[in-house]
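Asker: Okay, here's the structure, questions in a sec.
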Amino acid sequence: MPKLHPFLWFNTEAKEAAEFYVSVFPNSKIRSTMANPPGAPGEPGTVLTVDFELDGFRVTALNGGPQFTFSEAVSFMIDCQDQAEVDHYWDKLVEGGSPSMCGWLKDRFGFSWQVVPKQLFETIGGPDAAGRNRAVAAMMQMQKLDVAKLQAAYKG
């Protein structure tokens, strides 16, 4: 089966975004950068695409112009092991962006992320129905997810 990887459309910030993202995630790198060739819609020699990896996950960023913008309809979800990882990714990605609810945020480029601890699914998907309801109610009040508060809500 062929491999899939996302292709993100930026106005003019593809290189800046790729450099920022690889600085946030460990084991990440810029793979290649392609310049606009003569005759292309963009200014010749400026960055057209950046191919990069986020911890081995391949992503391509395109400077495609202002015709399309990001929305919450597409996001990357970060599976975090604990509160320390949530704090790391949330704090880095939200800088210059904007927080939303339930672990969602938009970074400074307008791209949406979900920063989610594994404990969220343990609480909102746990065997105790009343605990699940309390955990969901607690989550609905949070911007950045708080593991201790989710677990406390689940336990009652």
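Ligands are numbered from 1 in the order shown, residues from 1 within each chain, and chains are lettered A, B, ... in the order they appear in the structure tokens.
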Which residues are close to His5 (chain A), i.e. within 8 Å by only C-alpha atoms, leaving aside same-chain residues fewer than 2 positions away? Reply as a PyMOL selection string.

Answerer: chain A and resi 3+7+57-60

Asker: Residues at most 10 Å from Val47 (chain A), counting only C-alpha atoms, excluding those fewer than 4 positions away in the same chain, as a PyMOL selection string?

Answerer: chain A and resi 12-15+33-37+42-43+61-63

Asker: Store the residues picked out above in a file with C-alpha atoms, as a PDB file, in the first residue's frame.

Answerer:
```
ATOM      1  CA  THR A  12       3.779  32.277   2.430  1.00  0.00           C
ATOM      2  CA  GLU A  13       4.846  30.711   5.770  1.00  0.00           C
ATOM      3  CA  ALA A  14       5.653  27.117   4.756  1.00  0.00           C
ATOM      4  CA  LYS A  15       9.362  27.292   5.614  1.00  0.00           C
ATOM      5  CA  THR A  33      13.046  22.574   0.220  1.00  0.00           C
ATOM      6  CA  MET A  34      11.961  23.307  -3.333  1.00  0.00           C
ATOM      7  CA  ALA A  35      12.092  26.792  -4.833  1.00  0.00           C
ATOM      8  CA  ASN A  36       9.544  28.226  -7.235  1.00  0.00           C
ATOM      9  CA  PRO A  37      10.764  27.541 -10.769  1.00  0.00           C
ATOM     10  CA  GLY A  42       5.171  32.386  -7.178  1.00  0.00           C
ATOM     11  CA  GLU A  43       8.248  34.614  -7.234  1.00  0.00           C
ATOM     12  CA  ALA A  61       4.125  22.350   3.388  1.00  0.00           C
ATOM     13  CA  LEU A  62       3.244  24.443   0.330  1.00  0.00           C
ATOM     14  CA  ASN A  63       3.325  28.195  -0.138  1.00  0.00           C
TER      15      ASN A  63
END
```

Asker: Which residue out of A:Phe109, A:Gln83, A:Phe25, A:Phe10 has the minimum interatomic distance to Pro66 (chain A) when only C-alpha atoms are used?

Answerer: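 Nearest candidate to Pro66 (chain A) out of A:Phe109, A:Gln83, A:Phe25, A:Phe10: A:Phe10.
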
Asker: Would you return as a ChimeraX atom specification the members of chain A that DSSP assigns to helix (DSSP H, G or I) on this structure's backbone?

Answerer: /A:14-24,83-94,118-124,129-139,147-155

Asker: Excluding same-chain residues fewer than 5 positions from Leu145 (chain A), what lies within 9 Å of it counting only C-alpha atoms, as a compact mmCIF listing (two decimals) with C-alpha atoms, in the first residue's frame?

Answerer:
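Wrote around-v7.txt, looks like this:
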```
# COMPACT_ATOMS: atom_id res chain seq x y z
CA GLN A 83 0.87 15.97 31.90
CA VAL A 86 0.78 17.90 27.40
CA ASP A 87 2.40 20.95 28.97
CA MET A 101 -11.54 24.00 24.30
CA CYS A 102 -11.01 20.34 25.19
CA GLY A 103 -7.31 20.22 24.32
CA TRP A 104 -7.59 22.01 20.97
CA VAL A 115 -2.92 17.92 22.63
CA VAL A 116 -4.35 14.86 24.35
CA PRO A 117 -3.06 12.77 27.27
CA LEU A 120 -8.34 11.34 28.68
CA MET A 139 -13.06 18.10 30.00
CA LEU A 150 -9.76 14.41 34.67
```

Asker: Using only C-alpha atoms, can you tell me which of A:Ile30, A:Val147, A:Ala40, A:Leu105 comes closest to Val74 (chain A)?

Answerer: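 Closest candidate: A:Leu105.
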
Asker: Measuring atom to atom with only C-alpha atoms, identify which of A:Lys118, A:Lys155, A:Lys106, A:Lys144 is nearest to Ala130 (chain A).

Answerer: A:Lys155

Asker: So, counting only C-alpha atoms, which residue among A:Tyr154, A:Glu19, A:Gly65, A:Pro26 is closest to Pro41 (chain A)?

Answerer: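 Selected residue with least distance to Pro41 (chain A): A:Gly65.
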
Asker: Could you pull out all residues of chain A with a DSSP call of strand (DSSP E) and give them as number ranges by chain?

Answerer: A: 7-10, 29-35, 47-54, 57-63, 75-80, 98-99, 104-106, 112-117

Asker: Of the residues A:Leu93, A:Leu48, A:Ala84, A:Ala148, which is the one nearest to Ser32 (chain A), using only C-alpha atoms?

Answerer: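 The shortest atom-to-atom distance to Ser32 (chain A) comes from A:Leu48.
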
Asker: In terms of the shortest atom-to-atom distance over only C-alpha atoms, which of A:Ser100, A:Val24, A:Ala129, A:Phe111 is closest to Asp55 (chain A)?

Answerer: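 That would be A:Val24, the residue with the smallest distance to Asp55 (chain A).
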